[in-house]
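Heads up, start35.pdb below (PDB, C-alpha atoms, pLDDT in the B column):
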ATOM      1  CA  MET A   1      -0.251  -6.665  29.863  1.00 42.00           C
ATOM      2  CA  PHE A   2       0.324  -5.797  26.195  1.00 51.00           C
ATOM      3  CA  GLY A   3       2.138  -7.941  23.670  1.00 61.00           C
ATOM      4  CA  ASP A   4       1.801 -11.494  22.480  1.00 80.00           C
ATOM      5  CA  PHE A   5       4.570 -12.989  24.613  1.00 92.00           C
ATOM      6  CA  LYS A   6       4.560 -16.304  26.477  1.00 93.00           C
ATOM      7  CA  ASP A   7       6.754 -15.119  29.333  1.00 95.00           C
ATOM      8  CA  ILE A   8       9.544 -12.689  30.161  1.00 97.00           C
ATOM      9  CA  THR A   9      12.152 -14.870  28.444  1.00 97.00           C
ATOM     10  CA  ASP A  10      10.118 -14.779  25.244  1.00 97.00           C
ATOM     11  CA  PHE A  11       9.705 -11.002  25.531  1.00 97.00           C
ATOM     12  CA  LYS A  12      13.427 -10.436  25.984  1.00 97.00           C
ATOM     13  CA  GLU A  13      14.338 -12.714  23.072  1.00 97.00           C
ATOM     14  CA  GLN A  14      11.839 -11.107  20.696  1.00 96.00           C
ATOM     15  CA  CYS A  15      12.406  -7.511  21.705  1.00 97.00           C
ATOM     16  CA  GLY A  16      16.064  -7.038  22.496  1.00 97.00           C
ATOM     17  CA  TYR A  17      19.631  -8.179  22.965  1.00 97.00           C
ATOM     18  CA  THR A  18      21.677  -9.049  26.031  1.00 97.00           C
ATOM     19  CA  ILE A  19      25.073  -7.382  25.811  1.00 96.00           C
ATOM     20  CA  ASP A  20      27.662  -7.853  28.586  1.00 94.00           C
ATOM     21  CA  GLU A  21      24.897  -9.355  30.728  1.00 95.00           C
ATOM     22  CA  VAL A  22      22.693  -6.271  30.319  1.00 97.00           C
ATOM     23  CA  TRP A  23      19.454  -6.443  28.303  1.00 98.00           C
ATOM     24  CA  TYR A  24      18.611  -3.629  25.833  1.00 98.00           C
ATOM     25  CA  PRO A  25      15.531  -3.193  23.622  1.00 98.00           C
ATOM     26  CA  ARG A  26      16.151  -3.601  19.907  1.00 98.00           C
ATOM     27  CA  VAL A  27      15.858  -0.683  17.461  1.00 98.00           C
ATOM     28  CA  THR A  28      13.764  -2.603  14.923  1.00 97.00           C
ATOM     29  CA  LYS A  29      11.297  -3.587  17.648  1.00 97.00           C
ATOM     30  CA  ILE A  30      11.012  -0.051  18.994  1.00 98.00           C
ATOM     31  CA  VAL A  31      10.083   1.451  15.605  1.00 97.00           C
ATOM     32  CA  THR A  32       7.187  -0.996  15.170  1.00 95.00           C
ATOM     33  CA  ILE A  33       5.209   1.273  17.510  1.00 95.00           C
ATOM     34  CA  LYS A  34       4.739   3.743  14.643  1.00 93.00           C
ATOM     35  CA  SER A  35       1.667   3.239  12.481  1.00 84.00           C
ATOM     36  CA  LYS A  36       2.225   2.063   8.896  1.00 77.00           C
ATOM     37  CA  PRO A  37      -0.556   3.394   6.639  1.00 73.00           C
ATOM     38  CA  ALA A  38       0.791   1.668   3.507  1.00 72.00           C
ATOM     39  CA  LEU A  39       0.699  -1.701   5.279  1.00 71.00           C
ATOM     40  CA  TYR A  40      -2.835  -1.089   6.559  1.00 68.00           C
ATOM     41  CA  TYR A  41      -3.939  -0.181   3.039  1.00 68.00           C
ATOM     42  CA  TYR A  42      -2.394  -3.395   1.726  1.00 68.00           C
ATOM     43  CA  TYR A  43      -4.256  -5.470   4.300  1.00 71.00           C
ATOM     44  CA  GLY A  44      -7.472  -3.610   3.496  1.00 77.00           C
ATOM     45  CA  GLN A  45      -7.150  -4.429  -0.208  1.00 72.00           C
ATOM     46  CA  ALA A  46      -6.403  -8.128   0.356  1.00 73.00           C
ATOM     47  CA  LYS A  47      -8.996 -10.871  -0.198  1.00 78.00           C
ATOM     48  CA  SER A  48      -8.792 -11.773   3.475  1.00 83.00           C
ATOM     49  CA  TYR A  49      -6.664 -11.144   6.538  1.00 79.00           C
ATOM     50  CA  LYS A  50      -5.177 -14.641   6.254  1.00 82.00           C
ATOM     51  CA  ALA A  51      -4.309 -14.119   2.593  1.00 78.00           C
ATOM     52  CA  ALA A  52      -2.541 -10.866   3.455  1.00 76.00           C
ATOM     53  CA  GLN A  53      -0.726 -12.477   6.368  1.00 82.00           C
ATOM     54  CA  ASP A  54       0.419 -15.447   4.258  1.00 79.00           C
ATOM     55  CA  ALA A  55       1.689 -13.129   1.521  1.00 80.00           C
ATOM     56  CA  THR A  56       3.476 -10.944   4.081  1.00 82.00           C
ATOM     57  CA  GLU A  57       5.210 -13.979   5.577  1.00 86.00           C
ATOM     58  CA  GLN A  58       6.257 -15.256   2.146  1.00 85.00           C
ATOM     59  CA  SER A  59       7.499 -11.806   1.191  1.00 87.00           C
ATOM     60  CA  ALA A  60       9.542 -11.671   4.403  1.00 88.00           C
ATOM     61  CA  LYS A  61      11.117 -15.043   3.565  1.00 91.00           C
ATOM     62  CA  GLU A  62      12.133 -13.792   0.128  1.00 91.00           C
ATOM     63  CA  GLY A  63      13.539 -10.625   1.680  1.00 92.00           C
ATOM     64  CA  THR A  64      15.548 -12.748   4.109  1.00 94.00           C
ATOM     65  CA  MET A  65      16.944 -14.769   1.185  1.00 94.00           C
ATOM     66  CA  ILE A  66      18.212 -11.567  -0.424  1.00 95.00           C
ATOM     67  CA  HIS A  67      19.610 -10.239   2.859  1.00 94.00           C
ATOM     68  CA  GLU A  68      21.472 -13.460   3.621  1.00 94.00           C
ATOM     69  CA  ALA A  69      22.923 -13.682   0.117  1.00 95.00           C
ATOM     70  CA  VAL A  70      24.063 -10.046   0.188  1.00 95.00           C
ATOM     71  CA  GLU A  71      25.491 -10.443   3.675  1.00 95.00           C
ATOM     72  CA  GLY A  72      27.485 -13.470   2.495  1.00 94.00           C
ATOM     73  CA  LEU A  73      28.878 -11.491  -0.433  1.00 94.00           C
ATOM     74  CA  LEU A  74      29.860  -8.573   1.834  1.00 93.00           C
ATOM     75  CA  LEU A  75      31.630 -11.031   4.133  1.00 92.00           C
ATOM     76  CA  ASN A  76      33.605 -12.386   1.148  1.00 89.00           C
ATOM     77  CA  LYS A  77      31.913 -15.756   1.401  1.00 91.00           C
ATOM     78  CA  ASN A  78      30.466 -17.792  -1.433  1.00 89.00           C
ATOM     79  CA  PRO A  79      26.792 -17.894  -0.432  1.00 91.00           C
ATOM     80  CA  GLU A  80      24.208 -20.104  -2.044  1.00 91.00           C
ATOM     81  CA  ILE A  81      21.856 -17.826  -3.956  1.00 94.00           C
ATOM     82  CA  PRO A  82      18.294 -19.151  -4.385  1.00 93.00           C
ATOM     83  CA  ALA A  83      17.135 -18.988  -7.988  1.00 93.00           C
ATOM     84  CA  GLN A  84      14.022 -16.999  -7.104  1.00 92.00           C
ATOM     85  CA  VAL A  85      16.083 -14.014  -5.877  1.00 94.00           C
ATOM     86  CA  ALA A  86      19.115 -14.405  -8.173  1.00 96.00           C
ATOM     87  CA  PRO A  87      18.246 -11.394 -10.413  1.00 96.00           C
ATOM     88  CA  ALA A  88      18.107  -9.052  -7.396  1.00 96.00           C
ATOM     89  CA  VAL A  89      21.392 -10.334  -5.974  1.00 96.00           C
ATOM     90  CA  ALA A  90      23.141 -10.139  -9.351  1.00 96.00           C
ATOM     91  CA  SER A  91      22.043  -6.510  -9.762  1.00 96.00           C
ATOM     92  CA  PHE A  92      23.258  -5.703  -6.258  1.00 96.00           C
ATOM     93  CA  LEU A  93      26.687  -7.139  -7.006  1.00 95.00           C
ATOM     94  CA  GLU A  94      26.922  -5.228 -10.290  1.00 96.00           C
ATOM     95  CA  PHE A  95      25.871  -1.976  -8.600  1.00 96.00           C
ATOM     96  CA  PHE A  96      28.302  -2.506  -5.727  1.00 94.00           C
ATOM     97  CA  GLU A  97      31.256  -3.044  -8.038  1.00 94.00           C
ATOM     98  CA  LYS A  98      30.302  -0.273 -10.464  1.00 95.00           C
ATOM     99  CA  ASN A  99      30.089   2.301  -7.658  1.00 94.00           C
ATOM    100  CA  ASN A 100      33.204   1.020  -5.881  1.00 93.00           C
ATOM    101  CA  ILE A 101      31.405   0.687  -2.548  1.00 95.00           C
ATOM    102  CA  GLN A 102      33.866  -0.307   0.161  1.00 95.00           C
ATOM    103  CA  VAL A 103      33.009  -2.344   3.270  1.00 96.00           C
ATOM    104  CA  THR A 104      35.050  -4.388   5.715  1.00 95.00           C
ATOM    105  CA  PRO A 105      33.781  -7.699   7.148  1.00 95.00           C
ATOM    106  CA  GLU A 106      34.043  -6.521  10.767  1.00 95.00           C
ATOM    107  CA  ASN A 107      31.516  -3.773   9.980  1.00 96.00           C
ATOM    108  CA  VAL A 108      28.942  -6.060   8.356  1.00 96.00           C
ATOM    109  CA  GLU A 109      26.026  -7.243  10.539  1.00 96.00           C
ATOM    110  CA  ARG A 110      27.658  -5.449  13.436  1.00 95.00           C
ATOM    111  CA  ARG A 111      25.928  -5.307  16.807  1.00 96.00           C
ATOM    112  CA  ILE A 112      25.765  -1.785  18.223  1.00 97.00           C
ATOM    113  CA  VAL A 113      24.593  -0.367  21.545  1.00 97.00           C
ATOM    114  CA  ASN A 114      23.720   3.143  22.714  1.00 98.00           C
ATOM    115  CA  TYR A 115      24.553   3.271  26.416  1.00 97.00           C
ATOM    116  CA  ASP A 116      23.241   6.802  26.897  1.00 97.00           C
ATOM    117  CA  HIS A 117      19.772   6.117  25.490  1.00 98.00           C
ATOM    118  CA  ARG A 118      19.742   2.392  26.339  1.00 98.00           C
ATOM    119  CA  TYR A 119      18.981   0.511  23.150  1.00 98.00           C
ATOM    120  CA  ALA A 120      20.814  -1.877  20.822  1.00 98.00           C
ATOM    121  CA  GLY A 121      20.658  -2.978  17.222  1.00 98.00           C
ATOM    122  CA  THR A 122      22.428  -4.636  14.319  1.00 97.00           C
ATOM    123  CA  ILE A 123      23.565  -2.572  11.356  1.00 97.00           C
ATOM    124  CA  ASP A 124      23.729  -4.085   7.881  1.00 97.00           C
ATOM    125  CA  ALA A 125      27.051  -2.388   7.142  1.00 97.00           C
ATOM    126  CA  LEU A 126      29.297   0.608   7.519  1.00 98.00           C
ATOM    127  CA  ALA A 127      30.410   1.648   4.055  1.00 97.00           C
ATOM    128  CA  LEU A 128      32.534   4.085   2.114  1.00 97.00           C
ATOM    129  CA  ILE A 129      30.558   5.461  -0.835  1.00 96.00           C
ATOM    130  CA  GLY A 130      31.713   8.348  -2.988  1.00 94.00           C
ATOM    131  CA  GLY A 131      34.315   9.329  -0.420  1.00 95.00           C
ATOM    132  CA  LYS A 132      31.812   9.443   2.465  1.00 97.00           C
ATOM    133  CA  PHE A 133      31.723   7.020   5.395  1.00 98.00           C
ATOM    134  CA  GLY A 134      28.367   6.060   6.866  1.00 98.00           C
ATOM    135  CA  VAL A 135      25.661   3.593   7.778  1.00 98.00           C
ATOM    136  CA  LEU A 136      24.311   1.478   4.928  1.00 98.00           C
ATOM    137  CA  ASP A 137      20.903  -0.077   5.539  1.00 97.00           C
ATOM    138  CA  ILE A 138      19.552  -2.616   3.050  1.00 97.00           C
ATOM    139  CA  LYS A 139      15.838  -2.963   2.311  1.00 96.00           C
ATOM    140  CA  THR A 140      13.916  -5.253  -0.035  1.00 94.00           C
ATOM    141  CA  SER A 141      10.714  -3.202  -0.179  1.00 92.00           C
ATOM    142  CA  ALA A 142       8.836  -1.749  -3.152  1.00 90.00           C
ATOM    143  CA  SER A 143       9.845   1.804  -2.150  1.00 92.00           C
ATOM    144  CA  ILE A 144      12.088   3.682   0.240  1.00 95.00           C
ATOM    145  CA  TYR A 145       9.852   4.800   3.086  1.00 93.00           C
ATOM    146  CA  ARG A 146      10.478   7.695   5.439  1.00 93.00           C
ATOM    147  CA  ASP A 147      10.037   5.324   8.398  1.00 94.00           C
ATOM    148  CA  TYR A 148      13.461   3.866   7.629  1.00 96.00           C
ATOM    149  CA  CYS A 149      14.999   7.135   8.783  1.00 97.00           C
ATOM    150  CA  LEU A 150      13.942   6.430  12.373  1.00 97.00           C
ATOM    151  CA  GLN A 151      15.896   3.180  12.408  1.00 98.00           C
ATOM    152  CA  THR A 152      19.024   4.544  10.747  1.00 98.00           C
ATOM    153  CA  SER A 153      19.086   7.676  12.923  1.00 98.00           C
ATOM    154  CA  ALA A 154      19.253   5.412  15.981  1.00 98.00           C
ATOM    155  CA  TYR A 155      22.289   3.696  14.455  1.00 98.00           C
ATOM    156  CA  MET A 156      23.928   7.044  13.693  1.00 98.00           C
ATOM    157  CA  ASP A 157      23.600   8.295  17.259  1.00 98.00           C
ATOM    158  CA  ALA A 158      24.925   5.029  18.671  1.00 98.00           C
ATOM    159  CA  LEU A 159      28.005   5.163  16.417  1.00 98.00           C
ATOM    160  CA  LYS A 160      28.802   8.890  16.229  1.00 96.00           C
ATOM    161  CA  ASP A 161      31.263   8.876  19.126  1.00 94.00           C
ATOM    162  CA  ARG A 162      32.858   5.555  18.185  1.00 94.00           C
ATOM    163  CA  PHE A 163      33.538   6.584  14.571  1.00 95.00           C
ATOM    164  CA  LYS A 164      34.573  10.223  14.391  1.00 93.00           C
ATOM    165  CA  ASN A 165      34.575  10.078  10.578  1.00 95.00           C
ATOM    166  CA  LEU A 166      30.935   8.943  10.424  1.00 97.00           C
ATOM    167  CA  GLN A 167      29.261  11.377   8.028  1.00 96.00           C
ATOM    168  CA  THR A 168      26.020  10.066   6.641  1.00 98.00           C
ATOM    169  CA  ARG A 169      23.594   7.180   6.058  1.00 98.00           C
ATOM    170  CA  TRP A 170      22.087   5.487   3.041  1.00 98.00           C
ATOM    171  CA  ILE A 171      19.159   3.233   2.266  1.00 98.00           C
ATOM    172  CA  LEU A 172      19.962   0.695  -0.446  1.00 97.00           C
ATOM    173  CA  ARG A 173      16.796  -0.858  -1.866  1.00 97.00           C
ATOM    174  CA  ILE A 174      17.133  -4.192  -3.635  1.00 96.00           C
ATOM    175  CA  ASP A 175      14.194  -5.516  -5.625  1.00 95.00           C
ATOM    176  CA  GLN A 176      13.333  -7.363  -8.815  1.00 94.00           C
ATOM    177  CA  ILE A 177      10.694  -6.621 -11.431  1.00 94.00           C
ATOM    178  CA  GLN A 178       9.428  -7.539 -14.886  1.00 95.00           C
ATOM    179  CA  THR A 179       8.754  -4.989 -17.625  1.00 95.00           C
ATOM    180  CA  CYS A 180       6.105  -5.296 -20.315  1.00 95.00           C
ATOM    181  CA  ASN A 181       7.813  -5.535 -23.707  1.00 95.00           C
ATOM    182  CA  LYS A 182       4.827  -3.798 -25.317  1.00 93.00           C
ATOM    183  CA  CYS A 183       3.857  -0.850 -23.116  1.00 95.00           C
ATOM    184  CA  GLY A 184       6.613  -0.542 -20.515  1.00 94.00           C
ATOM    185  CA  SER A 185       4.398  -1.274 -17.489  1.00 95.00           C
ATOM    186  CA  ARG A 186       6.109  -2.916 -14.535  1.00 95.00           C
ATOM    187  CA  ARG A 187       5.181  -6.029 -12.585  1.00 94.00           C
ATOM    188  CA  ARG A 188       6.485  -6.896  -9.138  1.00 92.00           C
ATOM    189  CA  ILE A 189       5.980 -10.425  -7.861  1.00 86.00           C
ATOM    190  CA  LYS A 190       6.690 -10.883  -4.184  1.00 82.00           C
ATOM    191  CA  GLY A 191       5.023 -13.037  -1.595  1.00 74.00           C
ATOM    192  CA  GLY A 192       3.040 -14.755  -4.333  1.00 73.00           C
ATOM    193  CA  ASN A 193       1.298 -11.501  -5.252  1.00 77.00           C
ATOM    194  CA  ASP A 194       1.418  -9.667  -8.575  1.00 83.00           C
ATOM    195  CA  LYS A 195       1.537  -5.878  -8.443  1.00 87.00           C
ATOM    196  CA  ILE A 196       1.345  -4.116 -11.789  1.00 91.00           C
ATOM    197  CA  LYS A 197       2.269  -0.460 -12.151  1.00 92.00           C
ATOM    198  CA  LEU A 198       0.936   0.818 -15.452  1.00 94.00           C
ATOM    199  CA  ASN A 199       3.026   3.051 -17.674  1.00 93.00           C
ATOM    200  CA  TRP A 200       0.727   6.052 -17.950  1.00 90.00           C
ATOM    201  CA  LYS A 201       2.932   7.579 -20.636  1.00 90.00           C
ATOM    202  CA  ASP A 202       1.624   4.849 -22.928  1.00 92.00           C
ATOM    203  CA  ARG A 203      -2.164   5.095 -23.313  1.00 88.00           C
ATOM    204  CA  SER A 204      -2.371   1.462 -24.332  1.00 91.00           C
ATOM    205  CA  SER A 205      -1.028   0.243 -20.978  1.00 91.00           C
ATOM    206  CA  LYS A 206      -4.522   0.050 -19.449  1.00 90.00           C
ATOM    207  CA  THR A 207      -5.766  -2.437 -22.043  1.00 93.00           C
ATOM    208  CA  CYS A 208      -2.444  -4.017 -22.973  1.00 95.00           C
ATOM    209  CA  ALA A 209      -2.165  -7.816 -23.089  1.00 94.00           C
ATOM    210  CA  HIS A 210       1.158  -7.618 -21.317  1.00 95.00           C
ATOM    211  CA  GLU A 211       4.160  -9.608 -22.449  1.00 95.00           C
ATOM    212  CA  TRP A 212       6.486  -9.691 -19.485  1.00 96.00           C
ATOM    213  CA  SER A 213      10.255  -9.757 -19.637  1.00 95.00           C
ATOM    214  CA  GLU A 214      12.397 -11.996 -17.484  1.00 94.00           C
ATOM    215  CA  LEU A 215      12.869 -10.915 -13.882  1.00 93.00           C
ATOM    216  CA  LYS A 216      15.469  -8.178 -13.573  1.00 95.00           C
ATOM    217  CA  GLY A 217      17.062  -6.739 -10.469  1.00 96.00           C
ATOM    218  CA  GLU A 218      16.355  -3.161  -9.454  1.00 96.00           C
ATOM    219  CA  ILE A 219      18.656  -1.126  -7.212  1.00 97.00           C
ATOM    220  CA  GLU A 220      17.961   2.261  -5.617  1.00 97.00           C
ATOM    221  CA  LEU A 221      20.343   4.148  -3.332  1.00 97.00           C
ATOM    222  CA  GLN A 222      19.292   7.240  -1.366  1.00 97.00           C
ATOM    223  CA  GLU A 223      21.382   9.258   1.046  1.00 98.00           C
ATOM    224  CA  PHE A 224      19.867  10.828   4.179  1.00 97.00           C
ATOM    225  CA  PRO A 225      22.648  12.921   5.745  1.00 95.00           C
ATOM    226  CA  TYR A 226      20.538  14.986   8.176  1.00 95.00           C
ATOM    227  CA  TRP A 227      19.638  12.494  10.881  1.00 97.00           C
ATOM    228  CA  GLN A 228      19.363  14.513  14.120  1.00 97.00           C
ATOM    229  CA  GLN A 229      15.684  15.465  13.723  1.00 97.00           C
ATOM    230  CA  ASP A 230      14.836  11.867  12.835  1.00 98.00           C
ATOM    231  CA  PHE A 231      16.612  10.763  16.000  1.00 98.00           C
ATOM    232  CA  GLN A 232      14.396  12.978  18.125  1.00 98.00           C
ATOM    233  CA  ALA A 233      11.420  11.262  16.510  1.00 98.00           C
ATOM    234  CA  PHE A 234      13.007   7.884  17.269  1.00 98.00           C
ATOM    235  CA  LEU A 235      13.357   8.837  20.933  1.00 98.00           C
ATOM    236  CA  GLY A 236       9.674   9.776  20.925  1.00 98.00           C
ATOM    237  CA  ALA A 237       8.813   6.386  19.451  1.00 98.00           C
ATOM    238  CA  LYS A 238      11.013   4.719  22.066  1.00 98.00           C
ATOM    239  CA  LYS A 239       9.187   6.516  24.858  1.00 98.00           C
ATOM    240  CA  LEU A 240       5.826   5.381  23.484  1.00 97.00           C
ATOM    241  CA  TRP A 241       7.087   1.806  23.037  1.00 97.00           C
ATOM    242  CA  GLU A 242       8.277   1.788  26.645  1.00 98.00           C
ATOM    243  CA  TRP A 243       4.879   3.035  27.785  1.00 97.00           C
ATOM    244  CA  GLU A 244       3.133   0.319  25.760  1.00 96.00           C
ATOM    245  CA  ASN A 245       5.359  -2.419  27.218  1.00 96.00           C
ATOM    246  CA  GLU A 246       5.869  -0.984  30.690  1.00 96.00           C
ATOM    247  CA  GLU A 247       4.971  -4.142  32.625  1.00 95.00           C
ATOM    248  CA  TRP A 248       7.228  -6.371  30.517  1.00 96.00           C
ATOM    249  CA  LEU A 249      10.082  -3.886  30.797  1.00 97.00           C
ATOM    250  CA  LYS A 250       9.723  -3.827  34.584  1.00 97.00           C
ATOM    251  CA  LYS A 251       9.906  -7.625  34.644  1.00 96.00           C
ATOM    252  CA  ALA A 252      13.014  -7.417  32.441  1.00 96.00           C
ATOM    253  CA  GLY A 253      14.646  -5.043  34.941  1.00 96.00           C
ATOM    254  CA  TYR A 254      14.826  -2.309  32.315  1.00 97.00           C
ATOM    255  CA  LEU A 255      12.337  -0.015  34.058  1.00 94.00           C
ATOM    256  CA  VAL A 256      12.144   0.404  37.808  1.00 85.00           C
TER     257      VAL A 256
END
Take the structure I supplied and represent it as structure tokens, if you would.
Amino acid sequence: MFGDFKDITDFKEQCGYTIDEVWYPRVTKIVTIKSKPALYYYYGQAKSYKAAQDATEQSAKEGTMIHEAVEGLLLNKNPEIPAQVAPAVASFLEFFEKNNIQVTPENVERRIVNYDHRYAGTIDALALIGGKFGVLDIKTSASIYRDYCLQTSAYMDALKDRFKNLQTRWILRIDQIQTCNKCGSRRRIKGGNDKIKLNWKDRSSKTCAHEWSELKGEIELQEFPYWQQDFQAFLGAKKLWEWENEEWLKKAGYLV
């Protein structure tokens, strides 16, 4: 049987949600079936597998800090903001207010379920941005990856009948970087790792003895309105995930 699970209870807790006494697989677990070349490259470049794993875990913790702080702000709470992620959270708040992004607490961290296709998930928020109403998904990655469209398309299909005014979806990337005061190169520190992106417009960047600025938040918002094709890909990923976990899903009563 595939999967590193202790028993069926562990499988169900890790891979899904029970809603109204019915268990559904979770969107974020389903999409893990797709290969991630950028992640494999990162592991291949690391000093060791353990070093890469430790950095990935630390990076995930920092991402969780940002998510929890942002969630608290969206829920009109007064969350404690760890100093190590304060620049990212401050930039998020500034961006949110500047662009007059509207959310309501009941649509933040909202559990959703698709009864037709039998899966569940938790959206970061439903938001009104620039006069459009849609799904807002928050990421703390170095880039916006196409893979995110699988996840958000699943949310769109689950919500399209419940919210008739649902129009679109966005990925909001929250990060923090340092910039070299001499050559304009950029340094990203996450998970205890330094990643430097040289400024190729400045020939001196390759040999520059960098003088780094203070950490500054970086915000990127991209809209992905055409979600139907991505949803077909998600259903394909779901089918493969079900095949991979067939025995567990039978034990869970999800597959006959």
I need the output of the PyMOL selection byres ((chain A and resi 218) around 9) for this file as a list of chain:residue names; which residues are they? A:Pro87, A:Ala88, A:Ser91, A:Phe92, A:Arg173, A:Ile174, A:Asp175, A:Gln176, A:Ile177, A:Lys216, A:Gly217, A:Ile219, A:Glu220
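The space separating atom CA of A:Lys139 from atom CA of A:Glu242 comes to 25.9 Å.
For the residues A:Phe163, A:Tyr145, A:Phe231, A:Tyr119, ranking by smallest atom-to-atom distance to A:Asn107 using all atoms listed in the file places A:Phe163 first.
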Please provide the set of residues having any atom within 6 Å of stretch 108-113 of chain A, restricted to only C-alpha atoms, with same-chain residues fewer than 2 positions apart removed, written as a compact mmCIF listing (two decimals) with C-alpha atoms, in the coordinates of the input.
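Saved to result.txt:
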# COMPACT_ATOMS: atom_id res chain seq x y z
CA PRO A 105 33.78 -7.70 7.15
CA GLU A 106 34.04 -6.52 10.77
CA TYR A 119 18.98 0.51 23.15
CA ALA A 120 20.81 -1.88 20.82
CA GLY A 121 20.66 -2.98 17.22
CA THR A 122 22.43 -4.64 14.32
CA ILE A 123 23.56 -2.57 11.36
CA ASP A 124 23.73 -4.08 7.88
CA ALA A 125 27.05 -2.39 7.14
For A:Gly63, list every protein, DNA or RNA residue within 9 Å, evaluated using all atoms listed in the file, and leave out those in the same chain fewer than 2 positions away; present the list as a list in words. Gln58, Ser59, Ala60, Lys61, Met65, Ile66, His67, Glu68, Val85, Lys139, Thr140, Ser141 and Asp175 of chain A
Would you kindly translate the PyMOL selection byres ((chain A and resi 18) around 12) into the concrete residues it picks from this file, as a ChimeraX atom specification? /A:9,12-17,19-26,111-113,118-121,252,254
Write a file of the just-selected residues containing C-alpha atoms, as a PDB file, in the frame of the given file.
ATOM      1  CA  THR A   9      12.152 -14.870  28.444  1.00 97.00           C
ATOM      2  CA  LYS A  12      13.427 -10.436  25.984  1.00 97.00           C
ATOM      3  CA  GLU A  13      14.338 -12.714  23.072  1.00 97.00           C
ATOM      4  CA  GLN A  14      11.839 -11.107  20.696  1.00 96.00           C
ATOM      5  CA  CYS A  15      12.406  -7.511  21.705  1.00 97.00           C
ATOM      6  CA  GLY A  16      16.064  -7.038  22.496  1.00 97.00           C
ATOM      7  CA  TYR A  17      19.631  -8.179  22.965  1.00 97.00           C
ATOM      8  CA  ILE A  19      25.073  -7.382  25.811  1.00 96.00           C
ATOM      9  CA  ASP A  20      27.662  -7.853  28.586  1.00 94.00           C
ATOM     10  CA  GLU A  21      24.897  -9.355  30.728  1.00 95.00           C
ATOM     11  CA  VAL A  22      22.693  -6.271  30.319  1.00 97.00           C
ATOM     12  CA  TRP A  23      19.454  -6.443  28.303  1.00 98.00           C
ATOM     13  CA  TYR A  24      18.611  -3.629  25.833  1.00 98.00           C
ATOM     14  CA  PRO A  25      15.531  -3.193  23.622  1.00 98.00           C
ATOM     15  CA  ARG A  26      16.151  -3.601  19.907  1.00 98.00           C
ATOM     16  CA  ARG A 111      25.928  -5.307  16.807  1.00 96.00           C
ATOM     17  CA  ILE A 112      25.765  -1.785  18.223  1.00 97.00           C
ATOM     18  CA  VAL A 113      24.593  -0.367  21.545  1.00 97.00           C
ATOM     19  CA  ARG A 118      19.742   2.392  26.339  1.00 98.00           C
ATOM     20  CA  TYR A 119      18.981   0.511  23.150  1.00 98.00           C
ATOM     21  CA  ALA A 120      20.814  -1.877  20.822  1.00 98.00           C
ATOM     22  CA  GLY A 121      20.658  -2.978  17.222  1.00 98.00           C
ATOM     23  CA  ALA A 252      13.014  -7.417  32.441  1.00 96.00           C
ATOM     24  CA  TYR A 254      14.826  -2.309  32.315  1.00 97.00           C
TER      25      TYR A 254
END
Specify as a PyMOL selection string each residue included when the PyMOL selection byres ((chain A and resi 221) around 10) is applied to this file. chain A and resi 95+136-138+144+170-174+219-220+222-223
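Note that the spacing between atom CA of A:Lys197 and atom CA of A:Tyr148 amounts to 23.1 Å.
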